[in-house]
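Peer 1: If you scroll down you'll find the structure; I have some questions about it.
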Amino acid sequence: MPYSQEIETARRIADVSAKLALRHQKAGIQAEYKPDDSPVTIADKECEKLIAKMLEEAFPEDGILGEEGSRKESRNGRRWIVDPIDGTRDFVRGNPLWSVLIALEQDGEVQAGVVHLPLMGQTGSTCWASRGGGAFRNGIRLCVSNIDKPENAVISLNSLNRLKSDAIRGLMTSYLSMFWAFRCLGGTPDAMMVAEGQMDAWVEPKVAPWDMAAPQVILEEAGAVFFAFNGKRSIYEGNCVGCTPGLEASMREFFTRNVALEWDRLD
């Protein structure tokens with residue numbers, strides 16, 4: 001499997017970091033709020049320090065970009081993109097929907113990623129993928145569904161409050177009503193359910209590169225299509241859509257012709 005050493009290392013680091021997070025959680029935590037109104041805890045900060053340290057020890061030439069401020073310039077074109085606790089709101093509330101996200105970018109393209117959901121299921125859930133090597137959950141190959149019509153599909157839209165205007169909310173509500181069902185677990189778990197064929201489309205109105213990097217490669221290696229509202233296949237546009245190939249035409253038309261125009265107007 002391409003990048004097998006990197007994936008194994010990232011899986012090990014994600015597991016160690018999750019255990020540290022759970023120790024903090026057991027001891028009692030309280031969230032502070034960053035300028036963008038997103039929560040952060042001592043666990044987020046300490047886990048990112050641990051992840052960055054372990055990655056630097058394993059791959060000293062690689063760069064690092066972390067949500068909580070870890071920054072290191074790359075000396076070889078490779079960079080690790082890290083979210084130590086994706087779903088801090090869930091983590092603070094004690095529900096199992098948070099995850100550790102670690103991805104490897106090389107020359108601007110995400111090549112490998114790990115999503116570790118330590119409390120999902122009896123033994124936790126770890127998904128990983130590398131370009132050309134497939135996507136897996138706990139060692140089982142992942143594959144998206146063959147659903148190709150919205151009326152047969154399950155869609156997830158995270159954070160309605162992040163939609164920029166009443167006009168966009170109206171457009172989105174009308175579009176969602178075309179689908180067979182709407183579900184939302186809060187972001188990354190939804191993306192992994194798309195990769196596993198349990199849902200068919202995932203929409204994130206406002207996210208950062210560290211939220212999208214690992215899910216992007218896992219989704220694409222599972223057969224999904226990934227793009228931003230403006231149609232670009234990028235983790236740097238601030239939003240994203242992941243869906244089955246059969247839903248791509250419908251979703252591209254809706255987002256690039258309708259949502260993106262209104263979205264850009266409000267920037």
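Following the order of the structure tokens, chains are lettered A, B, ..., residues in each are numbered from 1, and ligands are numbered from 1.
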Could you find all residues in range 25-252 of chain A that DSSP calls strand (DSSP E or B) from the backbone, and write them as a ChimeraX atom specification?

Peer 2: /A:32-33,39-40,63-66,71-72,78-86,99-106,109-117,125-130,134-137,140-141,154-157,181-182,201-204,225-227,240-243

Peer 1: Check which residues of range 17-79 of chain A sit at most 6 Å from range 102-106 of chain A using only C-alpha atoms, and return one row each with the closest pair of atoms and their distance in Å to one decimal, ordered by chain and rising number, as a Markdown table.

Peer 2:
```
| residue | atom | partner | partner_atom | distance |
| --- | --- | --- | --- | --- |
| A:Gly77 | CA | A:Gln106 | CA | 5.6 |
| A:Arg78 | CA | A:Gln106 | CA | 4.3 |
| A:Arg79 | CA | A:Glu105 | CA | 5.1 |
```

Peer 1: May I have a table of the residues of range 86-181 of chain A lying at most 10 Å from range 214-223 of chain A, giving each one's closest pair of atoms and their distance in Å to one decimal, counting only C-alpha atoms, ordered by chain and ascending residue number, as a Markdown table?

Peer 2:
```
| residue | atom | partner | partner_atom | distance |
| --- | --- | --- | --- | --- |
| A:Val100 | CA | A:Ala214 | CA | 9.7 |
| A:Leu101 | CA | A:Ala214 | CA | 6.2 |
| A:Ile102 | CA | A:Ala214 | CA | 6.1 |
| A:Ala103 | CA | A:Ala214 | CA | 4.8 |
| A:Leu104 | CA | A:Ala214 | CA | 7.9 |
| A:Glu105 | CA | A:Ala214 | CA | 9.5 |
| A:Glu109 | CA | A:Val217 | CA | 9.3 |
| A:Val110 | CA | A:Val217 | CA | 6.5 |
| A:Gln111 | CA | A:Val217 | CA | 6.8 |
| A:Ala112 | CA | A:Val217 | CA | 6.3 |
| A:Gly113 | CA | A:Ala214 | CA | 4.2 |
| A:Val114 | CA | A:Ala214 | CA | 5.8 |
| A:Val115 | CA | A:Ala214 | CA | 6.5 |
| A:Cys127 | CA | A:Ile218 | CA | 7.4 |
| A:Trp128 | CA | A:Ile218 | CA | 6.1 |
| A:Ala129 | CA | A:Ile218 | CA | 5.0 |
| A:Ser130 | CA | A:Val217 | CA | 6.7 |
| A:Arg131 | CA | A:Glu221 | CA | 6.7 |
| A:Gly132 | CA | A:Glu221 | CA | 7.2 |
| A:Gly133 | CA | A:Glu221 | CA | 7.4 |
| A:Gly134 | CA | A:Glu221 | CA | 4.9 |
| A:Ala135 | CA | A:Glu221 | CA | 5.2 |
| A:Phe136 | CA | A:Ile218 | CA | 7.9 |
| A:Arg137 | CA | A:Ile218 | CA | 9.6 |
| A:Arg141 | CA | A:Ala222 | CA | 8.0 |
| A:Leu142 | CA | A:Ala222 | CA | 5.3 |
| A:Cys143 | CA | A:Ala222 | CA | 4.5 |
| A:Val144 | CA | A:Gly223 | CA | 5.8 |
| A:Ser145 | CA | A:Gly223 | CA | 8.8 |
| A:Asn146 | CA | A:Gly223 | CA | 9.8 |
```

Peer 1: Determine, using only C-alpha atoms, which residues of range 198-251 of chain A have any atom at most 12 Å from an atom of range 33-47 of chain A, and tabulate each with its shortest atom pair and distance in Å to one decimal place, rows ordered by chain and then rising number, as CSV.

Peer 2:
```
residue,atom,partner,partner_atom,distance
A:Lys206,CA,A:Asp36,CA,11.3
A:Val207,CA,A:Ser38,CA,11.2
A:Ala208,CA,A:Asp36,CA,11.7
```

Peer 1: State, in Å with one decimal place, the distance from CA of Ala201 in chain A to CA of Thr244 in chain A.

Peer 2: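 Value for the CA of Ala201 in chain A-CA of Thr244 in chain A distance: 6.7 Å.
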
Peer 1: Would you mind telling me which residue in A:Ile147, A:Ala228, A:Ile235, A:Met178 lies nearest to Gln198 in chain A when using only C-alpha atoms?

Peer 2: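 The closest residue to Gln198 in chain A is A:Ile147.
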
Peer 1: Need to verify the contact set: Gly246 in chain A, 10 Å, only C-alpha atoms, exclusion of same-chain residues closer than 2 positions in sequence. Can you return it as a VMD selection string?

Peer 2: chain A and resid 145 to 150 200 224 to 225 243 to 244 248 to 251

Peer 1: Which is closest to Asn76 in chain A among A:Phe179, A:Phe59, A:Tyr236, A:Phe227, if we use only C-alpha atoms?

Peer 2: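 Among A:Phe179, A:Phe59, A:Tyr236, A:Phe227, it is A:Phe59 that comes nearest to Asn76 in chain A.
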
Peer 1: Of the candidates A:Tyr3, A:Phe226, A:Trp210, A:Trp263, which one gets nearest to Ala191 in chain A if we count only C-alpha atoms?

Peer 2: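 Nearest to Ala191 in chain A: A:Phe226.
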
Peer 1: Have a look at A:Gly170, A:Gly87, A:Gly242, A:Gly94 and name the one nearest to Asp211 in chain A; count only C-alpha atoms.

Peer 2: A:Gly87

Peer 1: Would you give me, as a list of chain:residue names, the residues in range 187-225 of chain A that DSSP reads as alpha helix (DSSP H)?

Peer 2: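 The residues of range 187-225 of chain A classed as alpha helix (DSSP H) are A:Thr188, A:Pro189, A:Asp190, A:Ala191, A:Met192, A:Met193, A:Val194, A:Ala195, A:Pro209, A:Trp210, A:Asp211, A:Met212, A:Ala213, A:Ala214, A:Pro215, A:Gln216, A:Val217, A:Ile218, A:Leu219, A:Glu220, A:Glu221.
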
Peer 1: So which one's closest to Asn239 in chain A, A:Arg71, A:Arg23, A:Arg11, A:Arg162? Using only C-alpha atoms, please.

Peer 2: A:Arg162

Peer 1: A:Asp107, A:Glu73, A:Glu32, A:Glu48: which is nearest Pro60 in chain A, counting only C-alpha atoms?

Peer 2: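 The answer is A:Glu73, which sits nearest to Pro60 in chain A.
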